[in-house]
2 protein chains.
Amino acid sequence: MTTRTATERRARAKVEYDAFLATCPSRQLLDRLSDKWVVLVLCALGGEGGDGPGAPRAMRYSELARLIAGVSQKMLTQTLRSLERDGLVTRTVVATVPVTVSYELTDLGESLHGTTRLLRAWAQDHMDAVLARREEHDAAS
Amino acid sequence: MTTRTATERRARAKVEYDAFLATCPSRQLLDRLSDKWVVLVLCALGGEGGDGPGAPRAMRYSELARLIAGVSQKMLTQTLRSLERDGLVTRTVVATVPVTVSYELTDLGESLHGTTRLLRAWAQDHMDAVLARREEHDAAS
DNA sequence: CGGAATCCTAACCGATACTG
DNA sequence: CAGTATCGGTTAGGATTCCG
């Protein structure tokens, strides 16, 4: 039983590692944030919609769609659903005709929004350096 | 010329927004970080490889492959190449036989590693709450 | 207005095999 | 040892159409 092929060992390692990845908190967070639109929705609901920061506020579906101009309604809906599922935004339906739906950050959502701002800060401070390195590197090819 | 169809307007908005997304620093950073293995490589080179933090250090290709057990060599190479391109890691080749290659974080890379730690902190503090909300939500379906 | 359902394509990514 | 090259399955996500 000590005779295991390299392939078997690799397969085993993979399973264990996948399990680790699946349960690692920071990976779970990154999987969430890596969704192209999550951060933008967070920004919009966090009040950073119209140039410059503002107070977090509730927004209607169509407001979000207009503000985050490039998003398809499929992705916007999908993003909002997953954020709602994770307790980061609330979804409120008012039974007018036609129906009115508004979204708002929860406390948890605002907390996450605060963290994404730190990311943004790093990006704003260092991303130009990264891009410069990239150009240098490409030029030196 | 003021008569534009909704489709035309949407197409226009999409192009503009894609351009915005492509040049927005925080989006560029997130695109980088969203790569499944980037953060793990950063952690490994940052010294968080063998449980608990350590000092950043240079590592060989095979060391990384062993530490980040689940990664395919294709993805590891691809990840390292892109990190090198962005000036976040250095690649050093020593012409022994067989050849020896080692990778190390640059200052920029260490700086980014520091930021990903903040993410990890948020994840560790709040991710359980998120998961709890998720289960509640799924149960209430 | 705020979606849901369907179709369809491009990109990603793992597995495998080969190389200097 | 440290890769490159290629193939094939899976999936993300856009466009479109329909619905309460």
# chains A, B, ... in the order shown; residues from 1 in each chain; ligands from 1
>>> closest_atom_pairs(of="region 25-105 of chain B", to="region 119-134 of chain B", cutoff="12 Å", atoms="only C-alpha atoms", output="CSV")
residue,atom,partner,partner_atom,distance
B:Leu30,CA,B:Leu119,CA,11.9
B:Leu33,CA,B:Leu119,CA,11.0
B:Val39,CA,B:Arg120,CA,10.3
B:Leu40,CA,B:Arg120,CA,11.7
B:Cys43,CA,B:Arg120,CA,10.8
>>> write_last_selection(atoms="N, CA and C atoms", output="compact mmCIF listing (two decimals), in the first residue's frame")
# COMPACT_ATOMS: atom_id res chain seq x y z
N LEU B 30 -8.40 44.06 -9.35
CA LEU B 30 -9.27 42.92 -9.07
C LEU B 30 -9.15 41.84 -10.14
N LEU B 33 -6.15 39.97 -9.14
CA LEU B 33 -6.34 39.18 -7.93
C LEU B 33 -7.34 38.03 -8.12
N VAL B 39 -3.12 34.96 -5.52
CA VAL B 39 -3.03 35.23 -4.09
C VAL B 39 -2.25 34.14 -3.38
N LEU B 40 -2.43 32.91 -3.83
CA LEU B 40 -1.73 31.80 -3.20
C LEU B 40 -0.23 31.88 -3.45
N CYS B 43 1.07 34.56 -1.24
CA CYS B 43 1.20 34.06 0.13
C CYS B 43 2.45 33.20 0.28
>>> interface_residues(of="chain A", to="chain C", cutoff="8 Å", atoms="only C-alpha atoms (C1' of nucleotides)", output="ChimeraX atom specification")
/A:61,77,98-101
>>> interface_residues(of="chain D", to="chain B", cutoff="8 Å", atoms="only C-alpha atoms (C1' of nucleotides)", output="compact mmCIF listing (two decimals) with N, CA and C atoms (P, O5', C5', C4', C3', O3' and C1' of nucleotides), in the first residue's frame")
# COMPACT_ATOMS: atom_id res chain seq x y z
P DC D 1 13.11 17.55 -10.06
O5' DC D 1 14.18 18.34 -10.97
C5' DC D 1 15.03 19.31 -10.36
C4' DC D 1 15.09 20.53 -11.24
C3' DC D 1 13.83 21.39 -11.20
O3' DC D 1 14.25 22.76 -11.11
C1' DC D 1 14.25 20.69 -13.44
P DA D 2 13.16 23.87 -10.66
O5' DA D 2 12.60 24.38 -12.07
C5' DA D 2 13.49 25.02 -12.97
C4' DA D 2 12.85 25.15 -14.32
C3' DA D 2 11.45 25.80 -14.29
O3' DA D 2 11.37 26.78 -15.31
C1' DA D 2 11.41 23.83 -15.52
P DG D 3 10.20 27.91 -15.17
O5' DG D 3 8.83 27.17 -15.55
C5' DG D 3 8.25 27.46 -16.78
C4' DG D 3 8.91 26.64 -17.89
C3' DG D 3 8.12 26.61 -19.17
O3' DG D 3 8.45 27.71 -19.98
C1' DG D 3 9.08 24.47 -18.64
>>> closest_residue(among="B:Ala22, B:Val71, B:Ala58, B:Leu80", to="chain A", atoms="only C-alpha atoms")
B:Val71
>>> closest_residue(among="B:Thr23, B:Ser34, B:Thr116, B:Gln28", to="chain A", atoms="only C-alpha atoms")
B:Ser34
>>> residues_around(residues="Arg66 (chain B)", least_positions_apart="4", cutoff="12 Å", atoms="only C-alpha atoms (C1' of nucleotides)", output="number ranges by chain")
A: 9-10, 13-14, 17; B: 41, 44, 49-50, 59-62, 70-73, 76
>>> select_by_dssp(residues="chain A", states="strand (DSSP E or B)", output="PyMOL selection string")
chain A and resi 59-60+89-94+100-105
>>> closest_residue(among="A:Ser111, A:Ser26, A:Ser102, A:Thr79", to="chain B", atoms="only C-alpha atoms")
A:Ser26
>>> select_by_dssp(residues="chain B", states="helix (DSSP H, G or I)", output="tab-separated table (two decimals) with N, CA, C and O atoms, in the first residue's frame")
chain	number	residue	atom	x	y	z
B	6	ALA	N	-32.61	52.79	-29.16
B	6	ALA	CA	-32.19	52.36	-27.82
B	6	ALA	C	-31.00	51.42	-27.94
B	6	ALA	O	-30.06	51.47	-27.15
B	7	THR	N	-31.03	50.58	-28.95
B	7	THR	CA	-29.95	49.62	-29.16
B	7	THR	C	-28.63	50.33	-29.41
B	7	THR	O	-27.60	49.98	-28.84
B	8	GLU	N	-28.69	51.35	-30.24
B	8	GLU	CA	-27.49	52.11	-30.54
B	8	GLU	C	-26.95	52.78	-29.30
B	8	GLU	O	-25.74	52.77	-29.04
B	9	ARG	N	-27.84	53.37	-28.53
B	9	ARG	CA	-27.41	54.04	-27.32
B	9	ARG	C	-26.77	53.06	-26.35
B	9	ARG	O	-25.76	53.34	-25.74
B	10	ARG	N	-27.38	51.88	-26.24
B	10	ARG	CA	-26.84	50.89	-25.33
B	10	ARG	C	-25.46	50.41	-25.76
B	10	ARG	O	-24.55	50.24	-24.96
B	11	ALA	N	-25.33	50.23	-27.07
B	11	ALA	CA	-24.04	49.79	-27.60
B	11	ALA	C	-22.96	50.82	-27.28
B	11	ALA	O	-21.85	50.49	-26.88
B	12	ARG	N	-23.33	52.07	-27.45
B	12	ARG	CA	-22.41	53.17	-27.17
B	12	ARG	C	-22.01	53.16	-25.71
B	12	ARG	O	-20.84	53.22	-25.36
B	13	ALA	N	-23.02	53.07	-24.86
B	13	ALA	CA	-22.78	53.08	-23.41
B	13	ALA	C	-21.86	51.92	-23.03
B	13	ALA	O	-20.98	52.06	-22.19
B	14	LYS	N	-22.09	50.79	-23.68
B	14	LYS	CA	-21.29	49.61	-23.36
B	14	LYS	C	-19.81	49.83	-23.68
B	14	LYS	O	-18.94	49.53	-22.88
B	15	VAL	N	-19.58	50.38	-24.86
B	15	VAL	CA	-18.20	50.64	-25.26
B	15	VAL	C	-17.53	51.58	-24.28
B	15	VAL	O	-16.42	51.33	-23.80
B	16	GLU	N	-18.22	52.66	-23.97
B	16	GLU	CA	-17.67	53.64	-23.03
B	16	GLU	C	-17.41	52.99	-21.67
B	16	GLU	O	-16.40	53.23	-21.04
B	17	TYR	N	-18.36	52.17	-21.25
B	17	TYR	CA	-18.21	51.57	-19.93
B	17	TYR	C	-17.12	50.53	-19.91
B	17	TYR	O	-16.39	50.41	-18.94
B	18	ASP	N	-17.00	49.80	-20.98
B	18	ASP	CA	-15.90	48.83	-21.07
B	18	ASP	C	-14.57	49.54	-20.97
B	18	ASP	O	-13.65	49.08	-20.31
B	19	ALA	N	-14.50	50.68	-21.63
B	19	ALA	CA	-13.28	51.46	-21.58
B	19	ALA	C	-13.01	51.91	-20.16
B	19	ALA	O	-11.88	51.85	-19.67
B	20	PHE	N	-14.05	52.34	-19.48
B	20	PHE	CA	-13.92	52.76	-18.09
B	20	PHE	C	-13.43	51.61	-17.24
B	20	PHE	O	-12.47	51.74	-16.47
B	21	LEU	N	-14.05	50.46	-17.42
B	21	LEU	CA	-13.65	49.29	-16.65
B	21	LEU	C	-12.21	48.92	-16.92
B	21	LEU	O	-11.45	48.56	-16.02
B	22	ALA	N	-11.83	49.03	-18.17
B	22	ALA	CA	-10.48	48.61	-18.56
B	22	ALA	C	-9.42	49.53	-17.99
B	22	ALA	O	-8.28	49.13	-17.78
B	23	THR	N	-9.78	50.78	-17.73
B	23	THR	CA	-8.78	51.73	-17.24
B	23	THR	C	-8.92	52.03	-15.75
B	23	THR	O	-8.06	52.68	-15.17
B	25	PRO	N	-8.37	51.68	-12.10
B	25	PRO	CA	-7.30	51.01	-11.36
B	25	PRO	C	-7.81	49.87	-10.48
B	25	PRO	O	-7.21	48.79	-10.45
B	26	SER	N	-8.90	50.09	-9.77
B	26	SER	CA	-9.35	49.05	-8.85
B	26	SER	C	-9.87	47.83	-9.61
B	26	SER	O	-9.73	46.69	-9.14
B	27	ARG	N	-10.42	48.06	-10.78
B	27	ARG	CA	-10.86	46.92	-11.58
B	27	ARG	C	-9.66	46.14	-12.11
B	27	ARG	O	-9.65	44.92	-12.14
B	28	GLN	N	-8.65	46.86	-12.53
B	28	GLN	CA	-7.44	46.19	-13.01
B	28	GLN	C	-6.84	45.34	-11.93
B	28	GLN	O	-6.40	44.21	-12.17
B	29	LEU	N	-6.82	45.88	-10.73
B	29	LEU	CA	-6.27	45.12	-9.61
B	29	LEU	C	-7.10	43.88	-9.35
B	29	LEU	O	-6.57	42.78	-9.16
B	30	LEU	N	-8.40	44.06	-9.35
B	30	LEU	CA	-9.27	42.92	-9.07
B	30	LEU	C	-9.15	41.84	-10.14
B	30	LEU	O	-9.19	40.65	-9.85
B	31	ASP	N	-9.00	42.27	-11.38
B	31	ASP	CA	-8.81	41.29	-12.44
B	31	ASP	C	-7.56	40.47	-12.18
B	31	ASP	O	-7.53	39.27	-12.42
B	32	ARG	N	-6.53	41.13	-11.69
B	32	ARG	CA	-5.30	40.44	-11.35
B	32	ARG	C	-5.53	39.45	-10.20
B	32	ARG	O	-5.22	38.27	-10.28
B	33	LEU	N	-6.15	39.97	-9.14
B	33	LEU	CA	-6.34	39.18	-7.93
B	33	LEU	C	-7.34	38.03	-8.12
B	33	LEU	O	-7.27	37.02	-7.40
B	34	SER	N	-8.23	38.21	-9.05
B	34	SER	CA	-9.27	37.21	-9.21
B	34	SER	C	-8.72	35.91	-9.77
B	34	SER	O	-9.35	34.87	-9.68
B	38	VAL	N	-3.10	33.59	-8.02
B	38	VAL	CA	-2.25	34.74	-7.74
B	38	VAL	C	-2.04	34.95	-6.25
B	38	VAL	O	-0.91	35.09	-5.78
B	39	VAL	N	-3.12	34.96	-5.52
B	39	VAL	CA	-3.03	35.23	-4.09
B	39	VAL	C	-2.25	34.14	-3.38
B	39	VAL	O	-1.48	34.41	-2.45
B	40	LEU	N	-2.43	32.91	-3.83
B	40	LEU	CA	-1.73	31.80	-3.20
B	40	LEU	C	-0.23	31.88	-3.45
B	40	LEU	O	0.58	31.61	-2.56
B	41	VAL	N	0.15	32.26	-4.67
B	41	VAL	CA	1.57	32.44	-4.96
B	41	VAL	C	2.13	33.58	-4.12
B	41	VAL	O	3.22	33.46	-3.54
B	42	LEU	N	1.38	34.66	-4.02
B	42	LEU	CA	1.78	35.78	-3.19
B	42	LEU	C	2.00	35.33	-1.75
B	42	LEU	O	3.00	35.70	-1.12
B	43	CYS	N	1.07	34.56	-1.24
B	43	CYS	CA	1.20	34.06	0.13
B	43	CYS	C	2.45	33.20	0.28
B	43	CYS	O	3.21	33.35	1.24
B	44	ALA	N	2.64	32.30	-0.65
B	44	ALA	CA	3.78	31.39	-0.58
B	44	ALA	C	5.09	32.17	-0.57
B	44	ALA	O	5.94	31.97	0.30
B	45	LEU	N	5.24	33.08	-1.51
B	45	LEU	CA	6.47	33.86	-1.60
B	45	LEU	C	6.58	34.87	-0.45
B	45	LEU	O	7.66	35.29	-0.08
B	46	GLY	N	5.42	35.22	0.10
B	46	GLY	CA	5.41	36.16	1.22
B	46	GLY	C	5.78	35.52	2.53
B	46	GLY	O	5.88	36.19	3.55
B	47	GLY	N	5.93	34.21	2.52
B	47	GLY	CA	6.40	33.52	3.71
B	47	GLY	C	5.30	32.88	4.54
B	47	GLY	O	5.54	32.39	5.63
B	48	GLU	N	4.09	32.84	3.99
B	48	GLU	CA	2.98	32.22	4.72
B	48	GLU	C	2.78	30.77	4.31
B	48	GLU	O	1.71	30.20	4.51
B	61	TYR	N	10.76	26.89	-8.50
B	61	TYR	CA	9.52	26.49	-9.18
B	61	TYR	C	8.92	25.25	-8.54
B	61	TYR	O	7.72	25.21	-8.22
B	62	SER	N	9.74	24.27	-8.32
B	62	SER	CA	9.23	23.01	-7.78
B	62	SER	C	8.77	23.15	-6.33
B	62	SER	O	7.85	22.47	-5.90
B	63	GLU	N	9.40	24.05	-5.60
B	63	GLU	CA	8.94	24.31	-4.24
B	63	GLU	C	7.52	24.88	-4.25
B	63	GLU	O	6.66	24.45	-3.48
B	64	LEU	N	7.32	25.83	-5.13
B	64	LEU	CA	6.00	26.44	-5.26
B	64	LEU	C	4.97	25.40	-5.65
B	64	LEU	O	3.89	25.33	-5.09
B	65	ALA	N	5.35	24.58	-6.63
B	65	ALA	CA	4.43	23.55	-7.12
B	65	ALA	C	4.05	22.60	-5.98
B	65	ALA	O	2.90	22.16	-5.89
B	66	ARG	N	4.99	22.31	-5.12
B	66	ARG	CA	4.72	21.38	-4.03
B	66	ARG	C	3.84	22.04	-2.97
B	66	ARG	O	2.90	21.45	-2.47
B	67	LEU	N	4.17	23.29	-2.67
B	67	LEU	CA	3.44	23.99	-1.62
B	67	LEU	C	2.00	24.27	-2.03
B	67	LEU	O	1.06	24.10	-1.24
B	73	GLN	N	0.84	22.65	-13.59
B	73	GLN	CA	2.04	23.41	-13.92
B	73	GLN	C	1.75	24.45	-14.98
B	73	GLN	O	2.41	25.48	-15.04
B	74	LYS	N	0.73	24.22	-15.75
B	74	LYS	CA	0.35	25.23	-16.73
B	74	LYS	C	-0.07	26.53	-16.04
B	74	LYS	O	0.40	27.60	-16.37
B	75	MET	N	-0.96	26.38	-15.06
B	75	MET	CA	-1.46	27.56	-14.37
B	75	MET	C	-0.37	28.21	-13.52
B	75	MET	O	-0.31	29.43	-13.43
B	76	LEU	N	0.47	27.40	-12.91
B	76	LEU	CA	1.54	27.98	-12.09
B	76	LEU	C	2.47	28.81	-12.96
B	76	LEU	O	2.80	29.96	-12.62
B	77	THR	N	2.86	28.25	-14.09
B	77	THR	CA	3.73	28.99	-15.00
B	77	THR	C	3.05	30.26	-15.48
B	77	THR	O	3.63	31.35	-15.45
B	78	GLN	N	1.80	30.13	-15.88
B	78	GLN	CA	1.06	31.28	-16.39
B	78	GLN	C	0.97	32.38	-15.33
B	78	GLN	O	1.18	33.55	-15.62
B	79	THR	N	0.67	31.95	-14.11
B	79	THR	CA	0.55	32.91	-13.01
B	79	THR	C	1.87	33.61	-12.75
B	79	THR	O	1.93	34.84	-12.64
B	80	LEU	N	2.94	32.84	-12.69
B	80	LEU	CA	4.25	33.42	-12.42
B	80	LEU	C	4.65	34.39	-13.54
B	80	LEU	O	5.21	35.46	-13.28
B	81	ARG	N	4.36	34.00	-14.77
B	81	ARG	CA	4.71	34.87	-15.91
B	81	ARG	C	3.99	36.21	-15.81
B	81	ARG	O	4.58	37.26	-16.02
B	82	SER	N	2.73	36.17	-15.48
B	82	SER	CA	1.97	37.42	-15.43
B	82	SER	C	2.42	38.27	-14.24
B	82	SER	O	2.48	39.50	-14.33
B	83	LEU	N	2.77	37.61	-13.15
B	83	LEU	CA	3.25	38.37	-11.99
B	83	LEU	C	4.60	39.02	-12.29
B	83	LEU	O	4.89	40.14	-11.87
B	84	GLU	N	5.41	38.29	-13.04
B	84	GLU	CA	6.71	38.83	-13.42
B	84	GLU	C	6.52	40.01	-14.37
B	84	GLU	O	7.16	41.05	-14.22
B	85	ARG	N	5.61	39.83	-15.30
B	85	ARG	CA	5.32	40.88	-16.27
B	85	ARG	C	4.90	42.17	-15.58
B	85	ARG	O	5.24	43.27	-16.01
B	107	ASP	N	9.54	44.63	-4.23
B	107	ASP	CA	8.95	45.51	-3.23
B	107	ASP	C	7.48	45.73	-3.51
B	107	ASP	O	6.64	45.74	-2.62
B	108	LEU	N	7.20	45.91	-4.80
B	108	LEU	CA	5.82	46.10	-5.22
B	108	LEU	C	4.99	44.87	-4.83
B	108	LEU	O	3.86	44.98	-4.33
B	109	GLY	N	5.56	43.71	-5.07
B	109	GLY	CA	4.87	42.47	-4.74
B	109	GLY	C	4.61	42.34	-3.26
B	109	GLY	O	3.53	41.91	-2.84
B	110	GLU	N	5.59	42.72	-2.46
B	110	GLU	CA	5.39	42.64	-1.01
B	110	GLU	C	4.33	43.62	-0.55
B	110	GLU	O	3.55	43.33	0.36
B	111	SER	N	4.32	44.78	-1.19
B	111	SER	CA	3.31	45.77	-0.86
B	111	SER	C	1.91	45.21	-1.14
B	111	SER	O	1.00	45.33	-0.32
B	112	LEU	N	1.78	44.56	-2.28
B	112	LEU	CA	0.48	43.97	-2.62
B	112	LEU	C	0.13	42.84	-1.65
B	112	LEU	O	-1.01	42.69	-1.23
B	113	HIS	N	1.13	42.10	-1.29
B	113	HIS	CA	0.91	41.02	-0.33
B	113	HIS	C	0.37	41.56	0.98
B	113	HIS	O	-0.50	40.95	1.61
B	114	GLY	N	0.86	42.73	1.37
B	114	GLY	CA	0.34	43.36	2.57
B	114	GLY	C	-1.14	43.68	2.46
B	114	GLY	O	-1.91	43.50	3.40
B	115	THR	N	-1.53	44.13	1.27
B	115	THR	CA	-2.93	44.47	1.06
B	115	THR	C	-3.83	43.24	1.07
B	115	THR	O	-4.93	43.26	1.61
B	116	THR	N	-3.33	42.16	0.48
B	116	THR	CA	-4.16	40.95	0.47
B	116	THR	C	-4.35	40.42	1.89
B	116	THR	O	-5.33	39.74	2.17
B	117	ARG	N	-3.43	40.78	2.76
B	117	ARG	CA	-3.61	40.39	4.17
B	117	ARG	C	-4.81	41.09	4.78
B	117	ARG	O	-5.50	40.54	5.63
B	118	LEU	N	-5.05	42.33	4.38
B	118	LEU	CA	-6.21	43.06	4.88
B	118	LEU	C	-7.49	42.37	4.44
B	118	LEU	O	-8.45	42.23	5.20
B	119	LEU	N	-7.47	41.93	3.19
B	119	LEU	CA	-8.61	41.18	2.67
B	119	LEU	C	-8.84	39.94	3.53
B	119	LEU	O	-9.95	39.63	3.93
B	120	ARG	N	-7.76	39.27	3.78
B	120	ARG	CA	-7.83	38.05	4.57
B	120	ARG	C	-8.39	38.35	5.96
B	120	ARG	O	-9.17	37.57	6.50
B	121	ALA	N	-8.00	39.48	6.50
B	121	ALA	CA	-8.51	39.85	7.82
B	121	ALA	C	-10.03	40.03	7.78
B	121	ALA	O	-10.74	39.51	8.64
B	122	TRP	N	-10.51	40.74	6.77
B	122	TRP	CA	-11.95	40.91	6.66
B	122	TRP	C	-12.62	39.56	6.52
B	122	TRP	O	-13.63	39.27	7.16
B	123	ALA	N	-12.05	38.75	5.67
B	123	ALA	CA	-12.64	37.43	5.42
B	123	ALA	C	-12.73	36.63	6.72
B	123	ALA	O	-13.75	35.99	7.00
B	124	GLN	N	-11.66	36.68	7.50
B	124	GLN	CA	-11.67	35.89	8.72
B	124	GLN	C	-12.66	36.44	9.75
B	124	GLN	O	-13.27	35.69	10.50
B	125	ASP	N	-12.85	37.75	9.73
B	125	ASP	CA	-13.77	38.35	10.68
B	125	ASP	C	-15.23	38.19	10.29
B	125	ASP	O	-16.10	38.09	11.15
B	126	HIS	N	-15.49	38.19	8.98
B	126	HIS	CA	-16.89	38.29	8.57
B	126	HIS	C	-17.41	37.15	7.71
B	126	HIS	O	-18.61	37.05	7.48
B	127	MET	N	-16.51	36.32	7.22
B	127	MET	CA	-16.96	35.32	6.26
B	127	MET	C	-17.93	34.31	6.88
B	127	MET	O	-18.83	33.82	6.20
B	128	ASP	N	-17.74	34.03	8.16
B	128	ASP	CA	-18.67	33.10	8.80
B	128	ASP	C	-20.07	33.70	8.87
B	128	ASP	O	-21.07	32.99	8.70
B	129	ALA	N	-20.15	35.01	9.08
B	129	ALA	CA	-21.45	35.67	9.08
B	129	ALA	C	-22.10	35.56	7.70
B	129	ALA	O	-23.29	35.28	7.58
B	130	VAL	N	-21.28	35.76	6.68
B	130	VAL	CA	-21.80	35.65	5.31
B	130	VAL	C	-22.35	34.25	5.05
B	130	VAL	O	-23.45	34.08	4.54
B	131	LEU	N	-21.56	33.27	5.45
B	131	LEU	CA	-21.99	31.89	5.22
B	131	LEU	C	-23.26	31.56	6.00
B	131	LEU	O	-24.13	30.85	5.51
B	132	ALA	N	-23.36	32.11	7.21
B	132	ALA	CA	-24.57	31.90	8.01
B	132	ALA	C	-25.78	32.49	7.30
B	132	ALA	O	-26.82	31.84	7.17
B	133	ARG	N	-25.63	33.71	6.79
B	133	ARG	CA	-26.71	34.36	6.04
B	133	ARG	C	-27.10	33.52	4.84
B	133	ARG	O	-28.27	33.39	4.50
B	134	ARG	N	-26.11	32.96	4.23
B	134	ARG	CA	-26.36	32.18	3.03
B	134	ARG	C	-27.21	30.96	3.35
B	134	ARG	O	-28.16	30.64	2.66
B	135	GLU	N	-26.83	30.29	4.43
B	135	GLU	CA	-27.59	29.10	4.82
B	135	GLU	C	-29.02	29.44	5.21
B	135	GLU	O	-29.96	28.76	4.81
B	136	GLU	N	-29.16	30.52	5.98
B	136	GLU	CA	-30.50	31.00	6.33
B	136	GLU	C	-31.32	31.20	5.07
B	136	GLU	O	-32.44	30.72	4.94
B	137	HIS	N	-30.70	31.92	4.14
B	137	HIS	CA	-31.40	32.28	2.92
B	137	HIS	C	-31.82	31.03	2.15
B	137	HIS	O	-32.93	30.93	1.65
B	138	ASP	N	-30.90	30.09	2.03
B	138	ASP	CA	-31.19	28.86	1.30
B	138	ASP	C	-32.27	28.05	2.00
B	138	ASP	O	-33.11	27.43	1.35
B	139	ALA	N	-32.24	28.06	3.34
B	139	ALA	CA	-33.24	27.31	4.09
B	139	ALA	C	-34.62	27.94	3.92
B	139	ALA	O	-35.63	27.23	3.83
>>> atom_distance(atom1="C1' of DG14 (chain D)", atom2="CA of Ile68 (chain A)")
15.4 Å
>>> closest_residue(among="A:Ser141, A:Leu105, A:Ala55, A:Val93", to="chain B", atoms="only C-alpha atoms")
A:Ser141
>>> closest_residue(among="B:Asp86, B:Cys24, B:Val94, B:Trp37", to="chain A", atoms="only C-alpha atoms")
B:Asp86
>>> atom_distance(atom1="CA of Asp35 (chain A)", atom2="C1' of DA15 (chain D)")
19.9 Å
